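Asks: Sending over final37.txt (compact mmCIF, C-alpha atoms).
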# COMPACT_ATOMS: atom_id res chain seq x y z
CA MET A 75 -29.64 -2.65 -43.01
CA LEU A 76 -27.47 -0.16 -41.12
CA TYR A 77 -28.73 1.60 -38.00
CA THR A 78 -27.82 5.07 -36.80
CA PRO A 79 -27.91 6.19 -33.15
CA TRP A 80 -30.22 9.01 -34.27
CA LEU A 81 -33.70 7.48 -34.28
CA ASP A 82 -35.38 10.57 -35.66
CA ASP A 83 -38.12 11.62 -38.09
CA LEU A 84 -39.72 8.18 -37.83
CA SER A 85 -42.78 7.39 -39.97
CA PHE A 86 -44.95 6.33 -37.03
CA ASP A 87 -48.46 7.54 -36.22
CA TRP A 88 -49.26 7.77 -32.49
CA SER A 89 -52.38 9.94 -32.83
CA ILE A 90 -54.49 7.91 -30.37
CA ILE A 91 -51.89 8.42 -27.66
CA GLU A 92 -51.40 12.05 -28.68
CA ASN A 93 -55.14 12.76 -28.45
CA ASN A 94 -55.40 11.20 -24.99
CA GLY A 95 -51.99 12.01 -23.49
CA THR A 96 -50.52 15.11 -21.88
CA LEU A 97 -48.59 17.60 -24.04
CA MET A 98 -45.33 18.82 -22.49
CA GLU A 99 -42.60 21.24 -23.63
CA ILE A 100 -39.27 20.85 -21.86
CA LYS A 101 -36.20 23.04 -22.24
CA LYS A 102 -32.73 21.84 -23.20
CA ASP A 103 -30.62 19.84 -20.70
CA GLN A 104 -33.55 18.82 -18.49
CA ILE A 105 -33.63 15.28 -17.08
CA LEU A 106 -36.77 13.41 -18.08
CA TYR A 107 -36.03 10.38 -15.91
CA HIS A 108 -33.08 8.66 -14.24
CA TYR A 109 -31.76 5.14 -14.58
CA ASN A 110 -33.50 2.83 -12.08
CA ASP A 111 -36.39 5.25 -11.47
CA PRO A 112 -39.78 3.50 -11.34
CA VAL A 113 -41.56 3.78 -14.67
CA GLU A 114 -44.35 6.31 -14.19
CA SER A 115 -44.81 7.45 -17.80
CA VAL A 116 -44.20 6.53 -21.42
CA PHE A 117 -43.27 9.37 -23.80
CA ILE A 118 -43.70 10.08 -27.51
CA VAL A 119 -41.43 12.75 -29.02
CA LYS A 120 -43.36 15.28 -31.09
CA LYS A 121 -40.51 17.71 -31.74
CA GLY A 122 -36.89 17.92 -30.60
CA ARG A 123 -34.51 15.24 -29.35
CA ILE A 124 -34.02 13.18 -26.18
CA ARG A 125 -30.61 11.65 -25.42
CA LEU A 126 -30.55 8.26 -23.69
CA PHE A 127 -27.39 7.59 -21.70
CA LEU A 128 -25.81 5.62 -18.88
CA VAL A 129 -23.20 6.71 -16.32
CA SER A 130 -20.41 4.43 -15.10
CA GLU A 131 -19.35 4.07 -11.46
CA THR A 132 -16.47 6.46 -12.20
CA GLY A 133 -18.86 9.09 -13.60
CA GLU A 134 -18.13 8.54 -17.29
CA GLU A 135 -21.12 9.00 -19.57
CA LYS A 136 -22.00 6.65 -22.43
CA ALA A 137 -24.70 7.81 -24.80
CA ILE A 138 -26.99 5.07 -26.10
CA ALA A 139 -29.20 6.82 -28.64
CA ILE A 140 -30.88 10.07 -29.54
CA ILE A 141 -34.64 9.74 -29.91
CA GLY A 142 -36.34 12.28 -32.17
CA LYS A 143 -39.71 12.87 -33.81
CA ASN A 144 -42.22 10.01 -33.34
CA GLY A 145 -39.78 8.03 -31.20
CA VAL A 146 -40.87 6.28 -27.99
CA LEU A 147 -39.22 6.44 -24.56
CA GLY A 148 -39.72 4.16 -21.59
CA GLU A 149 -41.58 1.48 -23.51
CA GLY A 150 -39.20 -1.40 -22.87
CA SER A 151 -39.37 -1.55 -19.09
CA ILE A 152 -43.16 -1.57 -18.72
CA PHE A 153 -43.50 -5.08 -20.12
CA LEU A 154 -40.98 -6.41 -17.60
CA ASN A 155 -42.28 -4.38 -14.65
CA GLU A 156 -38.72 -3.06 -14.32
CA PRO A 157 -37.44 0.49 -13.69
CA TYR A 158 -36.12 2.71 -16.49
CA ALA A 159 -33.04 1.14 -18.10
CA THR A 160 -31.31 4.45 -18.98
CA ASN A 161 -31.20 8.12 -18.12
CA ALA A 162 -33.03 10.49 -20.48
CA ILE A 163 -32.21 14.17 -21.00
CA THR A 164 -33.42 16.75 -23.51
CA ALA A 165 -30.82 17.60 -26.18
CA CYS A 166 -32.79 20.71 -27.17
CA THR A 167 -36.17 22.23 -26.37
CA THR A 168 -38.47 19.25 -26.86
CA THR A 169 -42.22 18.69 -27.14
CA LEU A 170 -43.47 15.38 -25.74
CA ILE A 171 -46.68 13.45 -25.29
CA LYS A 172 -46.82 11.75 -21.88
CA CYS A 173 -49.15 8.89 -21.00
CA SER A 174 -49.43 6.30 -18.25
CA PRO A 175 -47.88 2.84 -18.77
CA SER A 176 -51.28 1.21 -18.32
CA PHE A 177 -52.87 3.36 -21.04
CA PHE A 178 -49.94 2.76 -23.38
CA LYS A 179 -50.18 -1.02 -22.92
CA GLU A 180 -53.94 -0.92 -23.48
CA VAL A 181 -53.55 0.98 -26.77
CA ILE A 182 -50.81 -1.38 -27.94
CA LYS A 183 -52.92 -4.41 -27.07
CA GLU A 184 -56.00 -3.17 -28.93
CA ASN A 185 -54.31 -1.69 -32.02
CA THR A 186 -52.37 -3.99 -34.34
CA ALA A 187 -50.74 -1.09 -36.22
CA TYR A 188 -49.44 0.37 -32.97
CA SER A 189 -48.12 -3.03 -31.91
CA GLN A 190 -46.19 -3.23 -35.19
CA GLN A 191 -44.75 0.26 -34.65
CA LEU A 192 -43.66 -0.63 -31.13
CA PHE A 193 -41.99 -3.84 -32.31
CA GLU A 194 -40.15 -1.85 -34.99
CA MET A 195 -39.01 0.76 -32.46
CA MET A 196 -37.74 -1.85 -30.00
CA SER A 197 -36.07 -3.85 -32.81
CA MET A 198 -34.21 -0.76 -34.02
CA LYS A 199 -32.88 -0.21 -30.50
CA ILE A 200 -31.74 -3.84 -30.24
CA HIS A 201 -29.92 -3.69 -33.59
CA LEU A 202 -28.39 -0.35 -32.62
CA LEU A 203 -27.03 -1.71 -29.33
CA SER A 204 -25.63 -4.78 -31.10
CA GLU A 205 -23.79 -2.64 -33.67
CA GLN A 206 -22.49 -0.28 -30.98
CA SER A 207 -21.06 -3.21 -29.04
CA LEU A 208 -19.31 -4.55 -32.15
CA HIS A 209 -17.90 -1.17 -33.22
CA LEU A 210 -16.65 -0.25 -29.75
CA SER A 211 -14.87 -3.60 -29.53
CA TYR A 212 -13.13 -3.58 -32.91
CA ASP A 213 -13.24 -0.18 -34.66
CA SER A 214 -11.04 2.89 -34.22
CA SER A 215 -12.72 6.20 -33.39
CA PHE A 216 -12.12 7.40 -36.97
CA HIS A 217 -13.83 4.31 -38.36
CA ARG A 218 -16.76 4.85 -36.02
CA VAL A 219 -17.14 8.46 -37.23
CA CYS A 220 -17.08 7.34 -40.87
CA LYS A 221 -19.61 4.56 -40.27
CA THR A 222 -21.91 6.93 -38.39
CA PHE A 223 -21.85 9.41 -41.28
CA ALA A 224 -22.53 6.55 -43.72
CA ASN A 225 -25.45 5.32 -41.61
CA LEU A 226 -26.87 8.84 -41.37
CA GLY A 227 -26.57 9.29 -45.11
CA LEU A 228 -28.32 6.01 -45.83
CA THR A 229 -31.03 6.57 -43.22
CA TYR A 230 -31.67 10.32 -43.45
CA GLY A 231 -29.99 11.18 -46.74
CA GLU A 232 -31.57 13.21 -49.52
CA LYS A 233 -29.89 13.06 -52.93
CA GLN A 234 -29.02 16.45 -54.42
CA LYS A 235 -28.71 17.60 -58.05
CA ASP A 236 -24.92 17.40 -57.84
CA GLU A 237 -25.24 13.74 -56.65
CA SER A 238 -24.18 14.59 -53.11
CA ILE A 239 -26.31 13.39 -50.19
CA LYS A 240 -27.71 15.83 -47.65
CA ILE A 241 -28.12 14.50 -44.10
CA LYS A 242 -31.50 15.97 -43.23
CA ILE A 243 -31.01 16.01 -39.45
CA SER A 244 -28.53 18.22 -37.62
CA PHE A 245 -26.24 17.19 -34.76
CA THR A 246 -23.33 18.54 -32.74
CA HIS A 247 -19.80 17.20 -32.44
CA GLN A 248 -20.49 16.56 -28.76
CA GLU A 249 -23.57 14.46 -29.54
CA LEU A 250 -21.56 12.40 -32.02
CA ALA A 251 -18.70 12.02 -29.53
CA ASN A 252 -21.06 10.80 -26.81
CA LEU A 253 -22.62 8.25 -29.13
CA ILE A 254 -19.43 6.69 -30.47
CA GLY A 255 -17.55 6.77 -27.18
CA THR A 256 -14.77 9.32 -27.70
CA SER A 257 -14.01 12.99 -27.02
CA ARG A 258 -15.46 16.02 -28.81
CA VAL A 259 -11.94 17.11 -29.82
CA THR A 260 -11.30 13.71 -31.44
CA VAL A 261 -14.56 13.89 -33.38
CA THR A 262 -13.78 17.46 -34.51
CA ASN A 263 -10.36 16.37 -35.78
CA HIS A 264 -11.80 13.39 -37.66
CA ILE A 265 -14.53 15.50 -39.26
CA GLN A 266 -11.96 18.12 -40.26
CA LEU A 267 -9.98 15.37 -42.02
CA LEU A 268 -13.09 14.22 -43.90
CA LEU A 269 -13.81 17.83 -44.87
CA SER A 270 -10.21 18.36 -46.03
CA ASN A 271 -10.38 15.18 -48.13
CA LYS A 272 -13.66 16.44 -49.63
CA VAL A 273 -15.47 13.27 -48.56
CA ILE A 274 -18.06 15.43 -46.81
CA PHE A 275 -18.90 19.15 -46.76
CA LYS A 276 -21.18 21.40 -44.74
CA LYS A 277 -23.77 24.06 -45.62
CA GLY A 278 -25.29 25.90 -42.70
CA LYS A 279 -26.12 23.36 -40.00
CA TYR A 280 -26.32 20.35 -42.36
CA TYR A 281 -23.62 17.94 -43.51
CA TYR A 282 -23.44 16.57 -47.06
CA ILE A 283 -21.70 13.41 -48.25
CA ASN A 284 -20.09 13.59 -51.67
CA SER A 285 -20.09 9.81 -52.05
CA ILE A 286 -21.11 7.00 -49.69
CA ARG A 287 -18.59 4.79 -51.48
CA ASP A 288 -15.76 7.27 -50.83
CA LEU A 289 -16.80 7.45 -47.20
CA PHE A 290 -16.57 3.66 -46.84
CA ASN A 291 -13.18 3.79 -48.60
CA GLU A 292 -11.93 5.95 -45.72
CA ILE A 293 -12.57 3.07 -43.31
Show how you would write the structure in this file as structure tokens.
Replies:
Amino acid sequence: MLYTPWLDDLSFDWSIIENNGTLMEIKKDQILYHYNDPVESVFIVKKGRIRLFLVSETGEEKAIAIIGKNGVLGEGSIFLNEPYATNAITACTTTLIKCSPSFFKEVIKENTAYSQQLFEMMSMKIHLLSEQSLHLSYDSSFHRVCKTFANLGLTYGEKQKDESIKIKISFTHQELANLIGTSRVTVTNHIQLLLSNKVIFKKGKYYYINSIRDLFNEI
């Protein structure tokens, strides 16, 4: 299975936490927590997107993932009694459910279905980090763009009448650049090449893939 950095529109049900947590709406570009902050809350995304990222000693930013609907934030550190492992910032206006780490752990412990969801969420993040490490080590930026589009098509794709595949989540060139470790200009140039070659096309804010096979042939 391929994993995309966009962990969005997940088929998880967190209603117990939602019914007992605190509802928050946060505007775009607001820091939710910083790397190495003590873990004071666990968050469930109801609507919008949160970008997880790290910053190097020289100030360079490396995006880790974008967490969307039904995704969990801050869950990994609470079981190790460690601080947050990344920074988290809103990528757009976002609605969240906030709960205490102790309540979150209690719900996970008492609810087998929630435990399974948490294991799935953490496993997706592990696989994502493994693939990112491999691609950054061996793939060109163009290959990383193509693979990301392929992953998005396989994960969030919806087949159309003309056999093309609609990617049902939207994203910016800057978000893609942050996630694959290159510049926005480089991503824009690569996407323009894919558009020119008719491998992908765009309608409104959504991208479409004409053929997953053709996309992999570009790699």
Asks: Tell me, as a list in words, which residues lie within 9 Å of Thr96 (chain A), counting all atoms listed in the file; anything in the same chain fewer than 4 positions away does not count.
Replies: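 Surrounding residues, per the criterion: Ile91, Glu92, Leu170, Ile171, Lys172 and Cys173 of chain A.
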Asks: Show which residues sit within 7 Å of region 263-265 of chain A, as JSON, numbers by chain. Count only C-alpha atoms, and ignore same-chain residues fewer than 4 positions away.
Replies: {"A": [216, 259, 269]}
Asks: Please give the centre and size of the box around region 135-145 of chain A (axis-aligned, containing every atom listed in the file, 8 Å added per side), with values in Å to one decimal and written as lines of an AutoDock Vina configuration file.
Replies:
center_x = -31.7
center_y = 9.0
center_z = -26.7
size_x = 37.1
size_y = 23.8
size_z = 30.2
Asks: Please indicate the distance in Å from CA of Tyr107 (chain A) to CA of Phe127 (chain A), rounded to one decimal place.
Replies: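 So the answer is 10.8 Å.
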Asks: Calculate how many Å separate CA of Ile152 (chain A) from CA of Ile200 (chain A), rounding to one decimal.
Replies: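 Answer for the CA of Ile152 (chain A) to CA of Ile200 (chain A) separation: 16.4 Å.
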Asks: Counting only C-alpha atoms, which of A:His247, A:Ile138, A:Phe86, A:Ile283 gets nearest to Leu203 (chain A)?
Replies: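 Nearest candidate to Leu203 (chain A) out of A:His247, A:Ile138, A:Phe86, A:Ile283: A:Ile138.
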Asks: When you look at region 233-243 of chain A with a cut-off of 9 Å (counting all atoms listed in the file), what residues show up, excluding the ones that are within fewer than 6 positions of it in the same chain? I need them as a count of residues only.
Replies: 15
Asks: Out of A:Val129, A:Leu97, A:Ala137, A:Leu289, which residue has the shortest atom-to-atom distance to Ile254 (chain A) when counting all atoms listed in the file?
Replies: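 The closest residue to Ile254 (chain A) is A:Ala137.
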Asks: Could you check which of A:Tyr230, A:Tyr188, A:Phe275, A:Phe290 is closest to Ile90 (chain A), using all atoms listed in the file?
Replies: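 Ranked by minimum distance to Ile90 (chain A), first place goes to A:Tyr188.
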